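Student: Before I ask anything, here is the structure I am working with.
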Amino acid sequence: MDFYYFTEMPYPYLPPHDEMSSMRVTIPNKLFDPKIGHQLYHRYLDEYCYADEMGLNLMVNEHRSTVVCMDVAAPLSLAILARQTKKGRLLVLGNSIANRDDPIRIAEEMAMVDCISAGRLECGMVRGVTYEIFAANTNPTMTNERLWEGIDMVIQAWTNHEGNFNYEGRFWHRRNINIWPRPYQQPRPRIWVTGSNDLENLKAIAEQGHVFATFLQPHAKVRQLFDHYRNHYVDNGIPGGLAFMPLVYVAESDEEAMKAADEIAWYLRTKAEPQLRNVPGYVGLNFNVQALKGTYTGRTDVIRAQGLEYLRENHILIAGTPDSVEKQIRSLYEKLGGLDHLLMMMQCGYLSHEKTMKNIRLFTQEVMPRLKDLKPAYNRPWGEAAE
């Protein structure tokens, strides 16, 4: 099983939460101090480099107009890490392809990162969360269709090596596609797709052999999604896989770990106005009916209302001593019926640099070596370096 270090690069230095109606989309950027931002960017990149040195893979993502994530352009941070790190896989999860104007630009950016890193790229493609709709001015009812057409364009751009070709789709019409450089990995980098409570979409992820990743949901819900993937997975020669992201903190004592975990759980307490969280047309009618009835237990609002013990019992949070964290990960692995990639949010909110470095050190030295027997179901070496 693979382990990935992750932070959204938050900007937590804000007025009290009750003085703000939203921490996304509408929050004024006068609250951002560029000098503090400069320090935070360097700090977060240093922590990524340390995680790489200690043997972890690395995950980045992007969001915009929010205090939760200062990484507004994941290809930029990914390119920096491709040059500064040496060992770990580099996962972008992901490129918000449904809200980008040009999927071919994404294909080029990712090929460049793959070449700089000597083939360490893991390439995630996502619809973008509801908050992204406003900044992109995108039709929310079309984001899923744009996601799949964009992925198709990227794959064709990566794998066509015979000169220019044209693409005629529903959303994009492109002439003379011929990307330079092409990816280091051959036949192409592996694709990851996030989500999705839309089972038809999850079926498509499995049938196309992509990696499926989901975040911060109770293990019972994650197991349902994983089983649906397993029932429809098609091996197309590029191995797929299953990935889950909890919050993670390791300390010498449970008390210390839970205090730090409460700082990381700041992420779950960030708020946005209702009209920003559920844009009409973004999710299907059945999902909204379940949410209104309170029968969808994986909904983010339901999770946010719970305390730390609920989060730990449902493996949304993994925190404790090295012995305890090992047991929690083994329990999660068993309850999910296996797991290929554990994506770990190990820093968020006000969690200090010192506590973050300690978290990375204790996990890699005291926990990770004990888990070598947890075998992945799909993740295996594949592809070849370009000649």
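Convention: chains lettered A, B, ... in structure tokens order; per-chain residue numbering from 1; ligands numbered from 1 as shown.
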Counting only C-alpha atoms, give me one row per residue of region 50-135 of chain A with an atom at most 12 Å from an atom of region 332-345 of chain A, showing the shortest contact pair and its distance in Å to one decimal, sorted by chain then residue number, as a Markdown table.
Tutor:
| residue | atom | partner | partner_atom | distance |
| --- | --- | --- | --- | --- |
| A:Ala51 | CA | A:Met344 | CA | 11.5 |
| A:Leu56 | CA | A:Met344 | CA | 10.1 |
| A:Asn57 | CA | A:Leu343 | CA | 9.0 |
| A:Leu58 | CA | A:Leu343 | CA | 8.7 |
| A:Met59 | CA | A:Leu343 | CA | 7.5 |
| A:Val60 | CA | A:Met345 | CA | 10.4 |
| A:Asn61 | CA | A:Met345 | CA | 11.5 |
| A:Arg89 | CA | A:His341 | CA | 11.4 |
| A:Leu90 | CA | A:Leu343 | CA | 11.9 |
| A:Leu91 | CA | A:Leu343 | CA | 9.9 |
| A:Val92 | CA | A:Leu343 | CA | 11.6 |
| A:Leu93 | CA | A:Leu343 | CA | 10.4 |
| A:Glu122 | CA | A:His341 | CA | 11.8 |
Student: May I have all residues of region 79-117 of chain A that DSSP, computed from the backbone, assigns to strand (DSSP E), given as a list in words?
Tutor: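 In region 79-117 of chain A, DSSP puts these residues in strand (DSSP E): Leu90, Leu91, Val92, Leu93, Gly94, Asn95 and Ser96 of chain A.
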Student: Atoms to include: C-alpha atoms. Write the selected residues as a PDB file, in the first residue's frame.
Tutor:
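Full text of part-v7.pdb as output:
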ATOM      1  CA  LEU A  90       3.807  13.120  -7.381  1.00  0.00           C
ATOM      2  CA  LEU A  91       0.028  13.088  -7.376  1.00  0.00           C
ATOM      3  CA  VAL A  92      -2.061  16.019  -8.521  1.00  0.00           C
ATOM      4  CA  LEU A  93      -5.649  15.479  -7.444  1.00  0.00           C
ATOM      5  CA  GLY A  94      -6.330  17.231  -9.351  1.00  0.00           C
ATOM      6  CA  ASN A  95      -6.595  19.194 -12.531  1.00  0.00           C
ATOM      7  CA  SER A  96     -10.068  20.755 -12.536  1.00  0.00           C
TER       8      SER A  96
END
Student: Using only C-alpha atoms, which protein or nucleic acid residues come within 8 Å of Asn178 (chain A)? Drop anything in the same chain fewer than 2 positions from it, and give the result as JSON, numbers by chain.
Tutor: {"A": [157, 160, 161, 163, 164, 165, 176, 180]}
Student: Let's have the selection written as a compact mmCIF listing (two decimals), in the first residue's frame, with N, CA and C atoms.
Tutor:
# COMPACT_ATOMS: atom_id res chain seq x y z
N ALA A 157 -3.90 13.19 -26.66
CA ALA A 157 -2.73 14.06 -26.84
C ALA A 157 -1.46 13.39 -26.35
N ASN A 160 -0.72 10.07 -28.98
CA ASN A 160 -0.55 10.22 -30.42
C ASN A 160 0.84 10.79 -30.69
N HIS A 161 1.67 10.02 -31.39
CA HIS A 161 3.06 10.41 -31.62
C HIS A 161 3.39 10.59 -33.10
N GLY A 163 2.39 13.09 -35.23
CA GLY A 163 2.15 14.41 -35.78
C GLY A 163 0.77 14.94 -35.47
N ASN A 164 0.38 16.00 -36.15
CA ASN A 164 -0.85 16.72 -35.84
C ASN A 164 -2.09 15.86 -36.02
N PHE A 165 -3.08 16.07 -35.13
CA PHE A 165 -4.40 15.48 -35.31
C PHE A 165 -5.45 16.48 -34.84
N ASN A 176 -4.80 20.66 -35.15
CA ASN A 176 -3.33 20.55 -35.11
C ASN A 176 -2.79 20.30 -33.70
N TRP A 180 4.36 18.97 -27.41
CA TRP A 180 5.78 18.85 -27.07
C TRP A 180 5.96 19.50 -25.71
Student: I need the residue nearest Ile133 (chain A) from this list: A:Ser331, A:Ser117, A:Ser65, A:Thr364. Use only C-alpha atoms for the distance.
Tutor: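 Result for the nearest residue to Ile133 (chain A): A:Ser65.
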Student: Write out as a PDB file with C-alpha atoms, in the first residue's frame each polymer residue whose atoms come within 9 Å of Val283 (chain A), counting only C-alpha atoms; drop sequence neighbours fewer than 5 positions from it.
Tutor:
ATOM      1  CA  PRO A 140     -22.842  23.134 -13.357  1.00  0.00           C
ATOM      2  CA  THR A 141     -25.076  20.706 -15.238  1.00  0.00           C
ATOM      3  CA  ASN A 197     -21.484   9.515  -5.197  1.00  0.00           C
ATOM      4  CA  ASP A 198     -22.893   9.166  -8.691  1.00  0.00           C
ATOM      5  CA  ASN A 278     -24.977  23.141  -3.427  1.00  0.00           C
ATOM      6  CA  ASN A 288     -30.329  16.061  -3.120  1.00  0.00           C
TER       7      ASN A 288
END
Student: Need the shell around Ile360 (chain A): protein/DNA/RNA residues with any atom at most 12 Å away, counting only C-alpha atoms. Skip same-chain ones fewer than 6 positions apart. Format as a ChimeraX atom specification?
Tutor: /A:3-7,47-58,248-251,322,344-347,353-354,366-368
Student: Looking at A:Thr143, A:Thr214, A:Gln208, A:Asn99, which one is nearest to Phe226 (chain A), with distances taken over only C-alpha atoms?
Tutor: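 Between A:Thr143, A:Thr214, A:Gln208, A:Asn99, the residue approaching Phe226 (chain A) most closely is A:Thr214.
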Student: Grab the CA of Thr138 (chain A) to CA of Asp71 (chain A) distance for me, in Å with one decimal place.
Tutor: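 Pair CA of Thr138 (chain A) / CA of Asp71 (chain A) returns 20.6 Å.
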Student: Running DSSP on the backbone, which parts of region 37-165 of chain A land in alpha helix (DSSP H), as a PyMOL selection string?
Tutor: chain A and resi 37-53+74-84+103-116+132-136+143-159
Student: Which residues are close to Gly169 (chain A), i.e. within 12 Å by only C-alpha atoms, leaving aside same-chain residues fewer than 6 positions away? Reply as a PDB file with N, CA and C atoms, in the first residue's frame.
Tutor:
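After the write, part.pdb holds the following:
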ATOM      1  N   PRO A 103      -8.140  21.584 -22.336  1.00  0.00           N
ATOM      2  CA  PRO A 103      -7.546  20.339 -21.843  1.00  0.00           C
ATOM      3  C   PRO A 103      -6.157  20.054 -22.421  1.00  0.00           C
ATOM      4  N   GLU A 145     -19.911  15.864 -17.983  1.00  0.00           N
ATOM      5  CA  GLU A 145     -19.668  15.579 -19.396  1.00  0.00           C
ATOM      6  C   GLU A 145     -18.347  16.205 -19.849  1.00  0.00           C
ATOM      7  N   ARG A 146     -18.069  17.415 -19.380  1.00  0.00           N
ATOM      8  CA  ARG A 146     -16.807  18.069 -19.734  1.00  0.00           C
ATOM      9  C   ARG A 146     -15.614  17.314 -19.146  1.00  0.00           C
ATOM     10  N   TRP A 148     -15.256  14.051 -18.714  1.00  0.00           N
ATOM     11  CA  TRP A 148     -14.914  12.863 -19.501  1.00  0.00           C
ATOM     12  C   TRP A 148     -14.396  13.225 -20.885  1.00  0.00           C
ATOM     13  N   GLU A 149     -14.944  14.259 -21.493  1.00  0.00           N
ATOM     14  CA  GLU A 149     -14.411  14.666 -22.793  1.00  0.00           C
ATOM     15  C   GLU A 149     -12.994  15.209 -22.638  1.00  0.00           C
ATOM     16  N   GLY A 150     -12.762  15.949 -21.564  1.00  0.00           N
ATOM     17  CA  GLY A 150     -11.421  16.471 -21.326  1.00  0.00           C
ATOM     18  C   GLY A 150     -10.409  15.366 -21.104  1.00  0.00           C
ATOM     19  N   ILE A 151     -10.779  14.337 -20.333  1.00  0.00           N
ATOM     20  CA  ILE A 151      -9.876  13.204 -20.115  1.00  0.00           C
ATOM     21  C   ILE A 151      -9.558  12.516 -21.440  1.00  0.00           C
ATOM     22  N   ASP A 152     -10.568  12.339 -22.270  1.00  0.00           N
ATOM     23  CA  ASP A 152     -10.359  11.711 -23.572  1.00  0.00           C
ATOM     24  C   ASP A 152      -9.370  12.509 -24.420  1.00  0.00           C
ATOM     25  N   MET A 153      -9.500  13.835 -24.417  1.00  0.00           N
ATOM     26  CA  MET A 153      -8.582  14.685 -25.168  1.00  0.00           C
ATOM     27  C   MET A 153      -7.152  14.547 -24.664  1.00  0.00           C
ATOM     28  N   ARG A 175      -7.685  21.992 -33.547  1.00  0.00           N
ATOM     29  CA  ARG A 175      -6.936  21.657 -34.746  1.00  0.00           C
ATOM     30  C   ARG A 175      -5.455  21.513 -34.411  1.00  0.00           C
TER      31      ARG A 175
END
Student: Could you give me, as a ChimeraX atom specification, the residues within 12 Å of Arg312 (chain A), counting only C-alpha atoms and dropping anything in the same chain fewer than 5 positions from it?
Tutor: /A:216-219,246-249,254,257-258,261-262,265,303,306-307,317-320,324-325,327-329,331-332
Student: Output C-alpha atoms of each residue in that selection to a file, as a PDB file, in the first residue's frame.
Tutor:
ATOM      1  CA  LEU A 216     -13.246  12.141   4.405  1.00  0.00           C
ATOM      2  CA  GLN A 217     -16.272   9.859   4.429  1.00  0.00           C
ATOM      3  CA  PRO A 218     -17.305   7.190   6.964  1.00  0.00           C
ATOM      4  CA  HIS A 219     -15.722   3.827   6.233  1.00  0.00           C
ATOM      5  CA  PRO A 246      -8.457  10.690   6.166  1.00  0.00           C
ATOM      6  CA  LEU A 247      -6.956  13.275   8.509  1.00  0.00           C
ATOM      7  CA  VAL A 248      -3.832  11.803  10.169  1.00  0.00           C
ATOM      8  CA  TYR A 249      -1.724  12.739  13.189  1.00  0.00           C
ATOM      9  CA  ASP A 254      -3.152   9.880  22.511  1.00  0.00           C
ATOM     10  CA  ALA A 257      -2.357  13.406  19.076  1.00  0.00           C
ATOM     11  CA  MET A 258      -5.997  14.375  19.612  1.00  0.00           C
ATOM     12  CA  ALA A 261      -5.886  16.394  15.289  1.00  0.00           C
ATOM     13  CA  ASP A 262      -8.330  19.010  16.514  1.00  0.00           C
ATOM     14  CA  ALA A 265      -9.941  19.275  11.846  1.00  0.00           C
ATOM     15  CA  ILE A 303     -19.655  14.885   9.109  1.00  0.00           C
ATOM     16  CA  GLN A 306     -19.662  15.447  14.621  1.00  0.00           C
ATOM     17  CA  GLY A 307     -16.906  15.438  17.223  1.00  0.00           C
ATOM     18  CA  LEU A 317      -9.605  10.784  11.422  1.00  0.00           C
ATOM     19  CA  ILE A 318      -6.656   8.523  12.248  1.00  0.00           C
ATOM     20  CA  ALA A 319      -4.809   9.830  15.297  1.00  0.00           C
ATOM     21  CA  GLY A 320      -2.888   8.488  18.267  1.00  0.00           C
ATOM     22  CA  SER A 324      -2.696   3.076  17.873  1.00  0.00           C
ATOM     23  CA  VAL A 325      -2.317   4.546  14.377  1.00  0.00           C
ATOM     24  CA  LYS A 327      -4.097  -0.531  14.481  1.00  0.00           C
ATOM     25  CA  GLN A 328      -6.456   2.103  13.061  1.00  0.00           C
ATOM     26  CA  ILE A 329      -4.975   1.799   9.569  1.00  0.00           C
ATOM     27  CA  SER A 331      -8.792  -1.722  10.812  1.00  0.00           C
ATOM     28  CA  LEU A 332      -9.554   0.689   7.961  1.00  0.00           C
TER      29      LEU A 332
END
Student: Quick one: pull the distance between CA of Ala107 (chain A) and CA of Val154 (chain A), Å, one decimal.
Tutor: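 Between these atoms lies a distance of 5.2 Å.
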Student: Rank A:Lys372, A:Pro239, A:Ser77, A:Leu202 by their smallest atom-to-atom distance to Asp227 (chain A), using only C-alpha atoms, and report the top residue only.
Tutor: A:Leu202
Student: Can you measure CA of Lys86 (chain A) to CA of Gly237 (chain A) for me? One decimal in Å is fine.
Tutor: 26.8 Å
Student: Pick from A:Ala204, A:Leu76, A:Val25, A:Val211: nearest to Leu276 (chain A), with only C-alpha atoms counted?
Tutor: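 For Leu276 (chain A), the nearest of the given residues is A:Val25.
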